[in-house]
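Step one of this worksheet: look at the structure below.
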Amino acid sequence: MKRKLTPKQQKFADEYIKSGNAADAARKAGYSKQTARTVGQQNLTKLDIKKYIDERMAEIASKRIMDAREAVELLTRIARGEEKETVISSTPEGVYESQKEADLKTRISAVKEILKRYPGDDKLVKAQIRKANADARIVEHKANELEGVGHVNPLLKALTKGAAQLVPKEEENDANTIE
């Protein structure tokens with residue numbers, strides 16, 4: 001069964017979250033000035049109060065920290081010129097405030113940052129392509145060996161010629177049988 005905090009304990013926890021000072025939080029929560037330091041330290045060891053403080057701190061942190069999706073959305077708004085920045089200009093007549101789009105250099109930087117997050121420039125994808133090319137060379141070598149023996153596998157022959165289309169399932173089944 002979950003125990004709720006007393007109003008005084010909750011006030012203490014909320015004040016502690018604001019200041020980080022247990023004695024000050026205890027005084028503001030209504031504990032006596034003489035016992036505030038001791039009560040503050042004791043309250044921090046009580047599991048219910050500690051759990052409440054930890055949950056609130058996590059909630060506050062999650063609202064303050066930008067997640068990846070929010071970051072990409074901001075970069076997208078900058079790249080599209082939807083995000084405006086405030087420019088303050090000073091003239092002899094006074095100070096003026098205006099809104100302007102990001103300059104071209106900033107927009108290009110935003111686009112580059114967005115593209116880094118998508119697999120088009122992914123090192124893993126490049127490594128997989130290199131592996132596929134190496135596998136194709138191995139298949140070509142095996143096909144050349146088989147061709148010399150007189151047993152050419154149609155699937156291997158298609159791979160060696162760099163066939164751009166996938167081999168239909170029927171041909172693949174036929175290719176797996178030795179003539």
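Labels for the structure tokens follow display order: chains A, B, ..., residues from 1 in each chain, ligands from 1.
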Taking 3 positions as the minimum chain separation for residues in the same chain, which residues sit within 12 Å of region 59-69 of chain A when counting only C-alpha atoms? Answer as a PDB file with N, CA, C and O atoms, in the first residue's frame.
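Output file around29.pdb follows:
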```pdb
ATOM      1  N   ASP A  14       8.961  19.834  -1.705  1.00  0.00           N
ATOM      2  CA  ASP A  14       8.898  20.853  -2.764  1.00  0.00           C
ATOM      3  C   ASP A  14       9.918  21.961  -2.529  1.00  0.00           C
ATOM      4  O   ASP A  14      10.565  22.433  -3.469  1.00  0.00           O
ATOM      5  N   ILE A  17      13.401  20.662  -3.308  1.00  0.00           N
ATOM      6  CA  ILE A  17      13.638  20.623  -4.755  1.00  0.00           C
ATOM      7  C   ILE A  17      14.049  22.010  -5.262  1.00  0.00           C
ATOM      8  O   ILE A  17      14.937  22.135  -6.094  1.00  0.00           O
ATOM      9  N   LYS A  18      13.434  23.050  -4.736  1.00  0.00           N
ATOM     10  CA  LYS A  18      13.756  24.425  -5.164  1.00  0.00           C
ATOM     11  C   LYS A  18      15.150  24.856  -4.720  1.00  0.00           C
ATOM     12  O   LYS A  18      15.892  25.443  -5.495  1.00  0.00           O
ATOM     13  N   TYR A  52       9.381  10.653  -3.648  1.00  0.00           N
ATOM     14  CA  TYR A  52       8.660  11.806  -4.194  1.00  0.00           C
ATOM     15  C   TYR A  52       9.644  12.807  -4.801  1.00  0.00           C
ATOM     16  O   TYR A  52       9.437  13.288  -5.919  1.00  0.00           O
ATOM     17  N   ILE A  53      10.706  13.098  -4.080  1.00  0.00           N
ATOM     18  CA  ILE A  53      11.713  14.048  -4.582  1.00  0.00           C
ATOM     19  C   ILE A  53      12.344  13.517  -5.866  1.00  0.00           C
ATOM     20  O   ILE A  53      12.481  14.252  -6.856  1.00  0.00           O
ATOM     21  N   ASP A  54      12.715  12.244  -5.889  1.00  0.00           N
ATOM     22  CA  ASP A  54      13.341  11.649  -7.084  1.00  0.00           C
ATOM     23  C   ASP A  54      12.399  11.691  -8.287  1.00  0.00           C
ATOM     24  O   ASP A  54      12.822  12.003  -9.404  1.00  0.00           O
ATOM     25  N   GLU A  55      11.121  11.367  -8.068  1.00  0.00           N
ATOM     26  CA  GLU A  55      10.152  11.390  -9.172  1.00  0.00           C
ATOM     27  C   GLU A  55       9.973  12.798  -9.721  1.00  0.00           C
ATOM     28  O   GLU A  55       9.928  13.005 -10.934  1.00  0.00           O
ATOM     29  N   ARG A  56       9.856  13.762  -8.827  1.00  0.00           N
ATOM     30  CA  ARG A  56       9.680  15.159  -9.260  1.00  0.00           C
ATOM     31  C   ARG A  56      10.916  15.658 -10.007  1.00  0.00           C
ATOM     32  O   ARG A  56      10.794  16.347 -11.010  1.00  0.00           O
ATOM     33  N   VAL A  72      15.397  17.156 -33.926  1.00  0.00           N
ATOM     34  CA  VAL A  72      15.270  17.075 -35.384  1.00  0.00           C
ATOM     35  C   VAL A  72      14.148  17.998 -35.870  1.00  0.00           C
ATOM     36  O   VAL A  72      14.274  18.629 -36.921  1.00  0.00           O
ATOM     37  N   GLU A  73      13.071  18.099 -35.112  1.00  0.00           N
ATOM     38  CA  GLU A  73      11.989  19.014 -35.485  1.00  0.00           C
ATOM     39  C   GLU A  73      12.479  20.462 -35.496  1.00  0.00           C
ATOM     40  O   GLU A  73      12.151  21.227 -36.411  1.00  0.00           O
ATOM     41  N   LEU A  74      13.260  20.852 -34.492  1.00  0.00           N
ATOM     42  CA  LEU A  74      13.811  22.205 -34.447  1.00  0.00           C
ATOM     43  C   LEU A  74      14.738  22.441 -35.644  1.00  0.00           C
ATOM     44  O   LEU A  74      14.645  23.475 -36.323  1.00  0.00           O
ATOM     45  N   LEU A  75      15.623  21.480 -35.911  1.00  0.00           N
ATOM     46  CA  LEU A  75      16.526  21.612 -37.057  1.00  0.00           C
ATOM     47  C   LEU A  75      15.740  21.734 -38.360  1.00  0.00           C
ATOM     48  O   LEU A  75      16.110  22.504 -39.250  1.00  0.00           O
ATOM     49  N   THR A  76      14.645  20.994 -38.463  1.00  0.00           N
ATOM     50  CA  THR A  76      13.811  21.062 -39.669  1.00  0.00           C
ATOM     51  C   THR A  76      13.179  22.447 -39.813  1.00  0.00           C
ATOM     52  O   THR A  76      13.159  23.013 -40.912  1.00  0.00           O
ATOM     53  N   GLU A 113      23.034  18.594 -40.213  1.00  0.00           N
ATOM     54  CA  GLU A 113      22.782  17.921 -38.936  1.00  0.00           C
ATOM     55  C   GLU A 113      21.642  16.911 -39.067  1.00  0.00           C
ATOM     56  O   GLU A 113      21.696  15.831 -38.495  1.00  0.00           O
ATOM     57  N   ILE A 114      20.617  17.273 -39.815  1.00  0.00           N
ATOM     58  CA  ILE A 114      19.499  16.351 -40.032  1.00  0.00           C
ATOM     59  C   ILE A 114      19.978  15.127 -40.801  1.00  0.00           C
ATOM     60  O   ILE A 114      19.670  13.989 -40.443  1.00  0.00           O
ATOM     61  N   ARG A 117      21.607  12.169 -39.127  1.00  0.00           N
ATOM     62  CA  ARG A 117      20.757  11.295 -38.317  1.00  0.00           C
ATOM     63  C   ARG A 117      20.016  10.254 -39.142  1.00  0.00           C
ATOM     64  O   ARG A 117      19.253   9.473 -38.606  1.00  0.00           O
TER      65      ARG A 117
END
```
* Contacts of Asp48 (chain A) within 12 Å, only C-alpha atoms, excl. fewer than 3 positions in-chain, as a list in words ->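 With the cut-off at 12 Å, the set is Met1, Lys2, Arg3, Lys4, Leu5, Thr6, Gln9, Gln10, Ala13, Gln42, Asn43, Leu44, Thr45, Lys51, Tyr52, Ile53, Asp54 and Glu55 of chain A.
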* Find the residues near Tyr31 (chain A): any atom within 9 Å, counting only C-alpha atoms, skip ones fewer than 4 places away on the same chain, and give them as JSON, numbers by chain. => {"A": [8, 12, 25, 26, 27, 35, 36, 39, 40]}
Since we have the selection now, will you write its residues out, keeping all heavy atoms, as a PDB file, in the first residue's frame?
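In the end it all went to out-v1.pdb:
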```pdb
ATOM      1  N   LYS A   8       2.915  18.703   5.360  1.00  0.00           N
ATOM      2  CA  LYS A   8       4.184  19.288   5.809  1.00  0.00           C
ATOM      3  C   LYS A   8       5.364  18.614   5.086  1.00  0.00           C
ATOM      4  O   LYS A   8       6.304  19.279   4.673  1.00  0.00           O
ATOM      5  CB  LYS A   8       4.313  19.107   7.325  1.00  0.00           C
ATOM      6  CG  LYS A   8       5.205  20.111   7.998  1.00  0.00           C
ATOM      7  CD  LYS A   8       5.222  19.839   9.495  1.00  0.00           C
ATOM      8  CE  LYS A   8       4.998  21.114  10.263  1.00  0.00           C
ATOM      9  NZ  LYS A   8       5.171  20.953  11.703  1.00  0.00           N
ATOM     10  N   PHE A  12       7.951  20.295   2.532  1.00  0.00           N
ATOM     11  CA  PHE A  12       9.392  20.141   2.708  1.00  0.00           C
ATOM     12  C   PHE A  12      10.042  19.677   1.404  1.00  0.00           C
ATOM     13  O   PHE A  12      11.043  20.246   0.956  1.00  0.00           O
ATOM     14  CB  PHE A  12       9.699  19.132   3.827  1.00  0.00           C
ATOM     15  CG  PHE A  12      11.132  18.660   3.814  1.00  0.00           C
ATOM     16  CD1 PHE A  12      12.133  19.446   4.361  1.00  0.00           C
ATOM     17  CD2 PHE A  12      11.488  17.451   3.225  1.00  0.00           C
ATOM     18  CE1 PHE A  12      13.464  19.032   4.321  1.00  0.00           C
ATOM     19  CE2 PHE A  12      12.800  17.033   3.187  1.00  0.00           C
ATOM     20  CZ  PHE A  12      13.794  17.822   3.734  1.00  0.00           C
ATOM     21  N   ALA A  25      14.569  24.113   3.729  1.00  0.00           N
ATOM     22  CA  ALA A  25      13.301  23.535   3.299  1.00  0.00           C
ATOM     23  C   ALA A  25      12.440  23.170   4.500  1.00  0.00           C
ATOM     24  O   ALA A  25      11.223  23.371   4.493  1.00  0.00           O
ATOM     25  CB  ALA A  25      13.555  22.301   2.430  1.00  0.00           C
ATOM     26  N   ALA A  26      13.059  22.634   5.554  1.00  0.00           N
ATOM     27  CA  ALA A  26      12.318  22.272   6.773  1.00  0.00           C
ATOM     28  C   ALA A  26      11.722  23.529   7.424  1.00  0.00           C
ATOM     29  O   ALA A  26      10.557  23.516   7.849  1.00  0.00           O
ATOM     30  CB  ALA A  26      13.231  21.534   7.749  1.00  0.00           C
ATOM     31  N   ARG A  27      12.492  24.598   7.504  1.00  0.00           N
ATOM     32  CA  ARG A  27      11.972  25.849   8.090  1.00  0.00           C
ATOM     33  C   ARG A  27      10.792  26.373   7.273  1.00  0.00           C
ATOM     34  O   ARG A  27       9.758  26.742   7.816  1.00  0.00           O
ATOM     35  CB  ARG A  27      13.083  26.903   8.159  1.00  0.00           C
ATOM     36  CG  ARG A  27      14.012  26.743   9.340  1.00  0.00           C
ATOM     37  CD  ARG A  27      14.944  27.944   9.515  1.00  0.00           C
ATOM     38  NE  ARG A  27      15.941  28.033   8.455  1.00  0.00           N
ATOM     39  CZ  ARG A  27      17.072  27.338   8.430  1.00  0.00           C
ATOM     40  NH1 ARG A  27      17.358  26.509   9.414  1.00  0.00           N
ATOM     41  NH2 ARG A  27      17.918  27.467   7.444  1.00  0.00           N
ATOM     42  N   THR A  35      14.933  22.637  15.323  1.00  0.00           N
ATOM     43  CA  THR A  35      15.047  21.241  14.852  1.00  0.00           C
ATOM     44  C   THR A  35      15.105  21.127  13.326  1.00  0.00           C
ATOM     45  O   THR A  35      15.183  20.017  12.798  1.00  0.00           O
ATOM     46  CB  THR A  35      13.855  20.412  15.364  1.00  0.00           C
ATOM     47  OG1 THR A  35      12.648  20.962  14.838  1.00  0.00           O
ATOM     48  CG2 THR A  35      13.817  20.379  16.884  1.00  0.00           C
ATOM     49  N   ALA A  36      15.080  22.247  12.630  1.00  0.00           N
ATOM     50  CA  ALA A  36      14.998  22.226  11.162  1.00  0.00           C
ATOM     51  C   ALA A  36      16.128  21.427  10.525  1.00  0.00           C
ATOM     52  O   ALA A  36      15.892  20.638   9.607  1.00  0.00           O
ATOM     53  CB  ALA A  36      14.979  23.647  10.613  1.00  0.00           C
ATOM     54  N   VAL A  39      15.559  17.605  11.400  1.00  0.00           N
ATOM     55  CA  VAL A  39      14.349  17.117  10.729  1.00  0.00           C
ATOM     56  C   VAL A  39      14.578  17.063   9.217  1.00  0.00           C
ATOM     57  O   VAL A  39      14.163  16.107   8.549  1.00  0.00           O
ATOM     58  CB  VAL A  39      13.129  17.994  11.083  1.00  0.00           C
ATOM     59  CG1 VAL A  39      11.937  17.649  10.211  1.00  0.00           C
ATOM     60  CG2 VAL A  39      12.781  17.862  12.546  1.00  0.00           C
ATOM     61  N   GLY A  40      15.253  18.064   8.682  1.00  0.00           N
ATOM     62  CA  GLY A  40      15.542  18.084   7.250  1.00  0.00           C
ATOM     63  C   GLY A  40      16.348  16.879   6.823  1.00  0.00           C
ATOM     64  O   GLY A  40      16.028  16.216   5.829  1.00  0.00           O
TER      65      GLY A  40
END
```
Selection: 7 Å around Ala22 (chain A), only C-alpha atoms, excl. self and same-chain fewer than 5 positions, as an mmCIF file with all heavy atoms, in the first residue's frame:
```
data_model
loop_
_atom_site.group_PDB
_atom_site.id
_atom_site.type_symbol
_atom_site.label_atom_id
_atom_site.label_comp_id
_atom_site.auth_asym_id
_atom_site.auth_seq_id
_atom_site.Cartn_x
_atom_site.Cartn_y
_atom_site.Cartn_z
ATOM 1 N N TYR A 16 12.691 21.631 -0.815
ATOM 2 C CA TYR A 16 14.016 21.042 -0.990
ATOM 3 C C TYR A 16 14.376 20.990 -2.477
ATOM 4 O O TYR A 16 15.509 21.254 -2.864
ATOM 5 C CB TYR A 16 14.087 19.647 -0.368
ATOM 6 C CG TYR A 16 15.437 19.013 -0.545
ATOM 7 C CD1 TYR A 16 16.512 19.405 0.246
ATOM 8 C CD2 TYR A 16 15.658 18.049 -1.520
ATOM 9 C CE1 TYR A 16 17.762 18.856 0.074
ATOM 10 C CE2 TYR A 16 16.905 17.489 -1.699
ATOM 11 C CZ TYR A 16 17.956 17.894 -0.904
ATOM 12 O OH TYR A 16 19.192 17.350 -1.088
ATOM 13 N N ARG A 37 17.353 21.602 11.032
ATOM 14 C CA ARG A 37 18.486 20.899 10.425
ATOM 15 C C ARG A 37 18.341 19.384 10.603
ATOM 16 O O ARG A 37 18.503 18.618 9.645
ATOM 17 C CB ARG A 37 19.783 21.391 11.053
ATOM 18 C CG ARG A 37 20.993 20.804 10.416
ATOM 19 C CD ARG A 37 22.247 21.449 10.947
ATOM 20 N NE ARG A 37 23.398 20.813 10.350
ATOM 21 C CZ ARG A 37 24.619 20.950 10.778
ATOM 22 N NH1 ARG A 37 24.876 21.723 11.795
ATOM 23 N NH2 ARG A 37 25.609 20.326 10.173
ATOM 24 N N GLY A 40 15.253 18.064 8.682
ATOM 25 C CA GLY A 40 15.542 18.084 7.250
ATOM 26 C C GLY A 40 16.348 16.879 6.823
ATOM 27 O O GLY A 40 16.028 16.216 5.829
ATOM 28 N N GLN A 41 17.407 16.556 7.564
ATOM 29 C CA GLN A 41 18.233 15.390 7.240
ATOM 30 C C GLN A 41 17.452 14.086 7.411
ATOM 31 O O GLN A 41 17.572 13.176 6.591
ATOM 32 C CB GLN A 41 19.492 15.371 8.113
ATOM 33 C CG GLN A 41 20.474 16.484 7.778
ATOM 34 C CD GLN A 41 20.880 16.493 6.313
ATOM 35 O OE1 GLN A 41 21.156 15.471 5.713
ATOM 36 N NE2 GLN A 41 20.888 17.679 5.730
#
```
* In Å to one decimal, how far is CA of Glu82 (chain A) from CA of Ala110 (chain A)? -> 12.3 Å
* Tell me, as an MDAnalysis selection string, which residues lie within 12 Å of Ser109 (chain A), counting only C-alpha atoms; anything in the same chain fewer than 5 positions away does not count. => chainID A and resid 75:76 78:80 102:104 114:116
* Just how far from CA of Pro7 (chain A) is CA of Ala58 (chain A), in Å to one decimal? ->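 Distance reported for this atom pair: 21.2 Å.
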* To do: Output as an NGL selection string all residues of region 18-161 of chain A that backbone DSSP marks as alpha helix (DSSP H).
  => :A and (18-19 or 22-29 or 36-45 or 47-64 or 68-79 or 104-116 or 123-149 or 154-160)
